[in-house]
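S.K.: My file is run-v1.cif. It has mmCIF, C-alpha atoms:
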```cif
data_protein
loop_
_atom_site.label_atom_id
_atom_site.label_comp_id
_atom_site.auth_asym_id
_atom_site.auth_seq_id
_atom_site.Cartn_x
_atom_site.Cartn_y
_atom_site.Cartn_z
CA MET A 24 104.48 73.00 131.29
CA THR A 25 102.93 71.16 128.41
CA PRO A 26 102.00 73.27 125.42
CA HIS A 27 98.26 73.25 125.03
CA TRP A 28 98.25 71.96 121.50
CA GLU A 29 99.66 68.67 122.63
CA ASP A 30 96.44 68.09 124.50
CA GLU A 31 94.37 68.37 121.38
CA GLU A 32 96.29 66.77 118.60
CA THR A 33 98.27 63.64 118.32
CA GLU A 34 101.73 64.11 116.96
CA GLU A 35 101.04 62.41 113.67
CA ASP A 36 98.20 64.81 112.99
CA GLY A 37 100.49 67.78 113.20
CA ALA A 38 103.68 66.38 111.77
CA GLY A 39 104.55 67.37 108.26
CA THR A 40 101.12 68.55 107.20
CA MET A 41 100.42 71.89 105.60
CA VAL A 42 98.36 74.48 107.43
CA ARG A 43 94.80 74.04 106.25
CA PRO A 44 93.93 76.78 103.78
CA TYR A 45 91.10 78.33 105.75
CA THR A 46 92.84 78.27 109.14
CA ILE A 47 93.48 82.00 109.25
CA THR A 48 89.87 82.75 108.43
CA ARG A 49 88.86 80.58 111.38
CA GLY A 50 87.17 78.13 109.10
CA ARG A 51 85.16 80.59 107.07
CA THR A 52 85.20 79.80 103.35
CA ALA A 53 83.20 82.75 102.03
CA PRO A 54 83.49 86.49 102.64
CA GLU A 55 80.75 88.57 104.26
CA ARG A 56 80.25 90.23 100.90
CA ASP A 57 80.59 88.75 97.45
CA ASP A 58 81.28 91.82 95.36
CA PHE A 59 85.06 91.82 95.53
CA THR A 60 86.78 91.26 92.22
CA LEU A 61 90.45 90.68 91.49
CA ILE A 62 90.83 94.37 90.70
CA THR A 63 88.68 95.92 93.40
CA VAL A 64 91.04 98.54 94.84
CA LEU A 65 91.49 98.74 98.60
CA THR A 66 92.78 101.70 100.58
CA THR A 67 93.38 101.81 104.30
CA ALA A 68 91.12 104.37 105.94
CA GLN A 69 92.87 107.25 107.59
CA ASP A 70 91.23 108.14 110.86
CA PRO A 71 88.29 105.76 110.36
CA ARG A 72 84.93 106.95 111.73
CA ASP A 73 81.68 105.11 112.21
CA GLY A 74 78.24 106.29 111.14
CA HIS A 75 77.98 108.57 114.17
CA GLY A 76 81.33 110.22 113.63
CA ALA A 77 83.01 108.37 116.45
CA ALA A 78 86.47 106.99 115.95
CA VAL A 79 86.49 103.31 115.04
CA HIS A 80 88.40 101.04 117.37
CA PRO A 81 89.47 97.91 115.54
CA GLY A 82 88.02 94.67 116.80
CA ARG A 83 90.12 91.60 117.15
CA LEU A 84 92.61 91.69 114.33
CA GLN A 85 94.86 88.89 113.23
CA PRO A 86 98.40 89.49 111.99
CA GLU A 87 97.20 89.10 108.41
CA HIS A 88 94.59 91.83 108.95
CA ARG A 89 97.30 94.16 110.17
CA MET A 90 99.52 93.29 107.23
CA ILE A 91 96.68 94.20 104.89
CA LEU A 92 96.11 97.54 106.60
CA GLU A 93 99.83 98.26 106.29
CA ARG A 94 99.94 97.20 102.64
CA CYS A 95 96.91 99.24 101.63
CA ARG A 96 98.25 102.55 102.86
CA ARG A 97 99.02 102.72 99.18
CA PRO A 98 95.98 101.63 97.18
CA ALA A 99 96.22 98.01 96.06
CA ALA A 100 93.97 95.63 94.16
CA VAL A 101 92.69 92.38 95.68
CA ALA A 102 95.09 90.44 93.44
CA GLU A 103 98.05 92.49 94.64
CA VAL A 104 97.18 92.01 98.29
CA SER A 105 96.78 88.30 97.66
CA ALA A 106 100.15 88.10 95.93
CA ASP A 107 101.97 90.20 98.52
CA LEU A 108 100.60 88.24 101.46
CA ASN A 109 101.07 84.97 99.63
CA LEU A 110 97.50 83.96 100.37
CA PRO A 111 94.96 82.48 97.97
CA VAL A 112 92.49 84.96 96.51
CA SER A 113 89.49 83.46 98.30
CA VAL A 114 91.19 83.66 101.69
CA THR A 115 92.32 87.22 101.01
CA LYS A 116 88.79 88.29 100.13
CA ILE A 117 87.48 87.03 103.48
CA LEU A 118 90.08 89.01 105.39
CA LEU A 119 89.47 92.13 103.28
CA ALA A 120 85.74 91.92 103.89
CA ASP A 121 86.37 91.81 107.66
CA LEU A 122 88.27 95.09 107.44
CA VAL A 123 85.80 96.81 105.11
CA ALA A 124 82.96 95.83 107.45
CA GLN A 125 84.78 97.53 110.32
CA GLY A 126 85.35 100.68 108.31
CA LEU A 127 89.10 100.22 108.44
CA LEU A 128 89.48 99.65 104.73
CA LEU A 129 87.82 101.37 101.78
CA ALA A 130 86.92 99.43 98.62
CA ARG A 131 86.55 100.85 95.14
CA ALA A 132 84.81 98.72 92.52
CA PRO A 133 86.39 98.45 89.05
CA LEU A 134 85.21 100.69 86.25
CA SER A 135 82.25 99.27 84.40
CA VAL A 136 83.26 98.32 80.89
CA ALA A 137 80.48 95.86 80.06
CA ARG A 138 79.64 96.19 76.39
CA ALA A 139 76.02 95.43 77.09
CA SER A 140 75.78 98.61 79.14
CA GLY A 141 77.51 100.88 76.68
CA GLY A 142 81.07 99.67 76.89
CA ALA A 143 84.07 101.54 78.20
CA ASP A 144 83.92 105.28 78.62
CA MET A 145 85.56 107.10 75.71
CA GLY A 146 87.26 109.56 78.03
CA MET A 147 88.81 106.69 79.97
CA LEU A 148 89.99 105.05 76.74
CA ALA A 149 91.58 108.29 75.61
CA ALA A 150 93.39 108.61 78.95
CA LEU A 151 94.46 104.99 78.66
CA ARG A 152 95.81 105.59 75.18
CA ASP A 153 97.80 108.62 76.35
CA GLY A 154 99.22 106.68 79.29
CA LEU A 155 100.18 103.61 77.28
CA GLY A 156 101.83 105.81 74.67
CA ARG A 157 104.31 106.91 77.32
CA LEU A 158 105.51 103.36 77.95
CA MET B 12 95.31 116.84 104.68
CA THR B 13 94.33 114.75 101.71
CA ILE B 14 97.28 112.70 100.53
CA SER B 15 95.60 111.48 97.38
CA GLN B 16 93.60 109.16 99.59
CA ALA B 17 91.24 108.49 96.72
CA ALA B 18 91.92 105.11 95.17
CA PRO B 19 92.56 104.97 91.44
CA ALA B 20 90.01 103.36 89.17
CA ALA B 21 91.09 99.99 87.86
CA VAL B 22 90.57 98.20 84.59
CA LYS B 23 91.97 94.89 83.46
CA ILE B 24 93.19 93.38 80.27
CA LEU B 25 93.54 89.63 79.82
CA VAL B 26 96.56 88.08 78.13
CA ALA B 27 95.78 84.65 76.72
CA GLY B 28 97.43 82.07 74.51
CA GLY B 29 98.75 78.54 74.61
CA PHE B 30 101.10 77.26 77.27
CA GLY B 31 104.58 78.74 77.01
CA VAL B 32 103.71 81.18 74.26
CA GLY B 33 104.94 84.23 76.16
CA LYS B 34 102.01 85.53 78.20
CA THR B 35 103.96 86.32 81.33
CA THR B 36 106.83 87.63 79.20
CA LEU B 37 104.56 90.20 77.59
CA VAL B 38 103.05 91.14 80.95
CA GLY B 39 106.53 91.59 82.39
CA ALA B 40 107.71 93.65 79.43
CA VAL B 41 105.12 96.36 79.97
CA SER B 42 104.40 96.08 83.70
CA GLU B 43 105.89 98.63 86.09
CA VAL B 44 106.53 95.83 88.58
CA ALA B 45 107.92 92.34 88.06
CA PRO B 46 104.97 90.05 87.33
CA LEU B 47 103.18 89.07 90.51
CA ARG B 48 101.68 85.68 91.14
CA THR B 49 98.45 84.98 92.96
CA GLU B 50 96.70 81.70 93.54
CA GLU B 51 93.20 80.42 93.88
CA PHE B 52 91.89 77.08 95.04
CA LEU B 53 90.64 74.79 92.37
CA THR B 54 88.09 73.22 94.65
CA LYS B 55 86.27 76.37 95.69
CA ALA B 56 84.63 77.02 92.35
CA SER B 57 84.54 73.49 91.06
CA ILE B 58 82.33 72.32 93.88
CA GLY B 59 79.91 74.41 95.87
CA VAL B 60 81.42 76.20 98.83
CA ASP B 61 78.73 74.82 101.09
CA ASP B 62 79.70 71.31 100.11
CA LEU B 63 83.32 71.64 101.16
CA ALA B 64 82.79 70.30 104.66
CA GLY B 65 81.68 66.93 103.42
CA VAL B 66 84.35 66.50 100.81
CA GLY B 67 87.78 65.07 101.37
CA GLN B 68 89.96 68.17 101.27
CA LYS B 69 93.28 66.43 101.43
CA ASP B 70 94.47 67.38 97.99
CA THR B 71 93.57 71.02 97.64
CA THR B 72 95.21 72.30 94.51
CA THR B 73 95.62 75.82 93.29
CA VAL B 74 95.75 77.56 89.96
CA ALA B 75 98.35 80.28 89.63
CA LEU B 76 97.76 83.55 87.89
CA ASP B 77 100.48 85.98 86.83
CA PHE B 78 99.71 89.65 86.51
CA GLY B 79 101.28 93.07 86.23
CA ARG B 80 100.22 96.67 86.50
CA ILE B 81 100.58 99.91 84.58
CA THR B 82 99.75 103.15 86.37
CA VAL B 83 98.31 105.26 83.58
CA SER B 84 97.63 108.24 85.82
CA PRO B 85 96.91 108.88 89.50
CA GLU B 86 93.29 108.13 88.64
CA LEU B 87 93.67 105.07 86.42
CA VAL B 88 95.53 101.76 86.78
CA VAL B 89 95.58 98.90 84.28
CA TYR B 90 96.05 95.35 85.48
CA LEU B 91 97.25 92.78 82.98
CA PHE B 92 96.33 89.20 83.79
CA GLY B 93 97.79 86.17 82.10
CA THR B 94 95.08 83.54 81.83
CA PRO B 95 95.94 80.09 83.14
CA GLY B 96 97.63 78.15 80.37
CA GLN B 97 95.44 75.12 80.57
CA GLU B 98 92.06 75.79 79.06
CA ARG B 99 90.38 73.32 81.36
CA PHE B 100 90.91 75.74 84.24
CA TRP B 101 89.25 78.69 82.57
CA PHE B 102 85.75 77.79 83.66
CA MET B 103 86.58 78.81 87.19
CA TRP B 104 87.89 82.23 86.27
CA ASN B 105 84.58 84.01 86.03
CA ASP B 106 86.04 86.72 88.18
CA LEU B 107 88.82 87.04 85.65
CA VAL B 108 86.55 87.44 82.68
CA ASN B 109 83.91 89.63 84.23
CA GLY B 110 84.59 93.27 83.66
CA ALA B 111 87.60 92.75 81.42
CA LEU B 112 88.22 95.67 79.11
CA GLY B 113 89.63 93.44 76.42
CA GLY B 114 92.11 90.73 75.63
CA VAL B 115 95.38 89.97 73.90
CA VAL B 116 95.86 86.56 72.30
CA ILE B 117 99.49 85.66 71.83
CA ALA B 118 100.22 83.12 69.12
CA ASP B 119 103.33 81.33 67.94
CA THR B 120 103.44 80.68 64.19
CA ARG B 121 105.07 77.30 64.74
CA ARG B 122 102.06 76.09 66.69
CA LEU B 123 99.16 78.37 65.94
CA GLU B 124 96.65 75.76 67.02
CA THR B 125 97.58 76.28 70.66
CA SER B 126 95.92 79.69 70.50
CA PHE B 127 92.66 78.64 68.86
CA ALA B 128 91.04 78.06 72.25
CA SER B 129 91.96 81.54 73.44
CA ILE B 130 90.34 83.11 70.39
CA ASP B 131 87.22 81.01 70.88
CA PHE B 132 87.23 82.05 74.53
CA PHE B 133 87.14 85.78 73.80
CA GLU B 134 84.77 85.51 70.84
CA SER B 135 82.24 83.46 72.80
CA ARG B 136 82.25 85.97 75.65
CA ASP B 137 82.10 89.02 73.41
CA ILE B 138 85.39 90.37 74.75
CA PRO B 139 87.22 92.55 72.20
CA PHE B 140 90.74 91.34 71.53
CA VAL B 141 93.82 91.73 69.39
CA VAL B 142 96.25 89.04 68.25
CA ALA B 143 99.99 89.36 68.89
CA ILE B 144 102.19 87.01 66.87
CA ASN B 145 105.29 86.31 68.91
CA CYS B 146 108.36 85.96 66.71
CA PHE B 147 111.00 84.32 68.84
CA HIS B 148 114.41 84.98 67.35
CA GLY B 149 112.80 86.64 64.38
CA HIS B 150 111.51 83.26 63.31
CA ASN B 151 108.45 83.79 61.21
CA SER B 152 107.93 82.02 57.94
CA ARG B 153 104.33 83.10 57.36
CA THR B 154 102.79 86.34 56.27
CA PRO B 155 100.22 88.12 58.44
CA ASP B 156 97.56 87.28 55.87
CA GLU B 157 98.42 83.60 56.04
CA ILE B 158 98.30 83.72 59.83
CA ARG B 159 95.00 85.57 59.78
CA ALA B 160 93.52 82.93 57.51
CA ALA B 161 94.90 80.08 59.62
CA LEU B 162 93.39 81.60 62.76
CA ASP B 163 90.12 82.33 60.94
CA LEU B 164 90.19 85.84 62.35
CA ASP B 165 87.48 88.36 61.66
CA PRO B 166 88.87 91.04 59.34
CA HIS B 167 88.46 93.80 61.91
CA VAL B 168 90.52 92.07 64.61
CA PRO B 169 93.97 93.72 64.74
CA LEU B 170 96.97 91.45 64.26
CA LEU B 171 100.51 92.52 65.13
CA VAL B 172 103.82 90.71 64.65
CA GLY B 173 106.78 91.24 66.98
CA ASP B 174 108.81 90.08 69.94
CA VAL B 175 106.87 89.98 73.21
CA ARG B 176 110.07 90.51 75.17
CA GLU B 177 110.26 94.04 73.84
CA ARG B 178 108.45 96.71 75.78
CA SER B 179 107.76 98.69 72.62
CA PHE B 180 105.96 95.73 71.05
CA GLY B 181 103.87 95.19 74.18
CA ARG B 182 103.00 98.87 74.15
CA ASP B 183 101.99 98.72 70.49
CA VAL B 184 99.82 95.67 71.13
CA LEU B 185 98.00 97.41 73.98
CA LEU B 186 97.59 100.58 71.94
CA ALA B 187 96.11 98.52 69.11
CA LEU B 188 93.65 97.06 71.59
CA VAL B 189 92.62 100.50 72.83
CA ASP B 190 92.21 101.77 69.27
CA HIS B 191 90.15 98.67 68.51
CA LEU B 192 87.94 99.35 71.55
CA MET B 193 87.45 102.95 70.47
CA SER B 194 86.43 101.86 66.98
CA LEU B 195 83.72 99.48 68.16
CA PRO B 196 80.12 100.58 67.78
CA VAL B 197 78.67 101.72 71.09
CA ALA B 198 75.82 99.56 72.27
CA ALA B 199 72.47 101.24 72.70
CA GLY B 200 71.92 102.66 76.17
#
```
Would you put the structure from the file into structure tokens?
M.R.:
Amino acid sequence: MTPHWEDEETEEDGAGTMVRPYTITRGRTAPERDDFTLITVLTTAQDPRDGHGAAVHPGRLQPEHRMILERCRRPAAVAEVSADLNLPVSVTKILLADLVAQGLLLARAPLSVARASGGADMGMLAALRDGLGRL
Amino acid sequence: MTISQAAPAAVKILVAGGFGVGKTTLVGAVSEVAPLRTEEFLTKASIGVDDLAGVGQKDTTTVALDFGRITVSPELVVYLFGTPGQERFWFMWNDLVNGALGGVVIADTRRLETSFASIDFFESRDIPFVVAINCFHGHNSRTPDEIRAALDLDPHVPLLVGDVRERSFGRDVLLALVDHLMSLPVAAG
């Protein structure tokens, strides 16, 4: 039996070339949402429920989606997921957005520290100072 | 049962400086994990995403970014990002700059000029920063005042001298940054 991919590609097309970067996103180059940052923290939902309280059944997941859900059992930032899966940040964000949209993954935005809006919270800075002092 | 399901809040600090000045070394000295590396495509930000289909994509290149983490408490995690060494790549790192708590500029007294761009970078974006002078092998022939003058630093910007390989120096640099942040006037609102 002839493998199906031989029907579609000539050998020279496949030989020695890298996988195209957006292959695992099925060609998508932008996430469904654009508010992920490098330090948005993701956590895998335990017992995910939809808006009506019914258990969420994951849609079609790729291996990378499952790896993310496994990795984020312990909270991890976008950059960490990207590094651990060895995927570029932009590809990682697309996959993360798929999972957040399905309710399988929870996202927490970074703390706001913009100086224009009052800067970092003094309580947070004090906690930071205490924590760094223990290094 | 709630197994601390709540995610910690995250903040980030940028570590900048010329190529080879010790950015990743400092990150590694204070990080609780060996520095991680992530990559981003150069093409995505440099040309519009919508335009990608029509552009020859044969030579996609990536910019690497090294980072580490410090878990301050179950509620707070600090991520330390080394900025890409080549300044010409910085324009694409809007995500890196946005929301940064502050920065560390590492400088080497034997080639201070390689850190000028980093200082300009933080000043122009109104990101508070401290300067860490990295003394490899204790080699430092200039006084802090001389260095401060050479870098044209504002008087209120903290400047520390030490070895970035040492955890205690990295800690002191970060503490100086936090103290600096706490000393800044709070913007109205």
S.K.: Using atom CA of A:Gly74 and atom CA of A:Leu119 as the two end points, give the distance in Å to one decimal.
M.R.: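 Separation between atom CA of A:Gly74 and atom CA of A:Leu119: 19.7 Å.
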S.K.: When you draw a straight line from atom CA of B:Leu170 to atom CA of A:Arg138, how long is it in Å?
M.R.: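 Rounded to one decimal, the two atoms are 21.7 Å apart.
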S.K.: If we count only C-alpha atoms, what is near B:Pro19 at a cut-off of 12 Å, once residues fewer than 6 positions away on the same chain are taken out, given as a list in words?
M.R.: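 Skipping anything fewer than 6 positions along the chain leaves Ile62, Thr63, Val64, Leu65, Thr66, Arg97, Pro98, Ala99, Ala100, Leu129, Ala130, Arg131, Ala132, Pro133 and Leu134 of chain A; Ile81, Thr82, Val83, Ser84, Pro85, Glu86, Leu87, Val88, Val89 and Tyr90 of chain B.
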S.K.: Starting from the displayed file, determine the output of the PyMOL selection byres ((chain B and resi 74) around 8) and express the residue list as a PyMOL selection string.
M.R.: chain B and resi 50-53+72-73+75-76+95+100
S.K.: Using all atoms listed in the file, determine which residues of chain B fall within 8 Å of chain A; present them as number ranges by chain.
M.R.: B: 16-23, 41, 47-52, 60, 82-84, 87, 90, 106-107, 110-112, 178-179, 182, 185-186, 189-190, 192-193, 197-200
S.K.: To one decimal in Å, tell me the separation between atom CA of A:Val42 and atom CA of A:Arg56.
M.R.: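 Pair atom CA of A:Val42 / atom CA of A:Arg56 returns 24.9 Å.
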S.K.: Which neighbours of B:Leu162 fall inside 12 Å, counting all atoms listed in the file, when residues of the same chain fewer than 6 positions from it are skipped, and could you give them as a list of chain:residue names?
M.R.: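 Neighbouring residues, sequence-local ones excluded: B:Val116, B:Ile117, B:Ala118, B:Asp119, B:Thr120, B:Arg122, B:Leu123, B:Glu124, B:Thr125, B:Ser126, B:Phe127, B:Ala128, B:Ser129, B:Ile130, B:Asp131, B:Val142, B:Ala143, B:Ile144, B:Pro155, B:Asp156, B:Val168, B:Leu170.
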S.K.: Would you give the centre and edge lengths, in Å to one decimal, of a box along x, y and z around the listed atoms of stretch 52-67 of chain A, with 3 Å added to each side, as AutoDock Vina command-line options?
M.R.:
```
--center_x 86.8 --center_y 90.8 --center_z 97.5 --size_x 19.1 --size_y 28.0 --size_z 19.6
```
S.K.: Quick one: residues within 7 Å of B:Ile138, all atoms listed in the file, excluding same-chain residues fewer than 4 positions away - as a list in words?
M.R.: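 Close residues of B:Ile138: Gly113, Gly114, Phe133 and Glu134 of chain B.
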S.K.: Tell me which residues the PyMOL selection byres ((chain A and resi 71) around 10) grabs here, as a short mmCIF file (atom, residue, chain, number, x, y, z; two decimals) with C-alpha atoms, keeping the file's coordinate frame.
M.R.:
```cif
data_model
loop_
_atom_site.label_atom_id
_atom_site.label_comp_id
_atom_site.auth_asym_id
_atom_site.auth_seq_id
_atom_site.Cartn_x
_atom_site.Cartn_y
_atom_site.Cartn_z
CA THR A 67 93.38 101.81 104.30
CA ALA A 68 91.12 104.37 105.94
CA GLN A 69 92.87 107.25 107.59
CA ASP A 70 91.23 108.14 110.86
CA ARG A 72 84.93 106.95 111.73
CA ASP A 73 81.68 105.11 112.21
CA GLY A 76 81.33 110.22 113.63
CA ALA A 77 83.01 108.37 116.45
CA ALA A 78 86.47 106.99 115.95
CA VAL A 79 86.49 103.31 115.04
CA HIS A 80 88.40 101.04 117.37
CA PRO A 81 89.47 97.91 115.54
CA GLN A 125 84.78 97.53 110.32
CA GLY A 126 85.35 100.68 108.31
CA LEU A 127 89.10 100.22 108.44
CA LEU A 128 89.48 99.65 104.73
CA LEU A 129 87.82 101.37 101.78
#
```
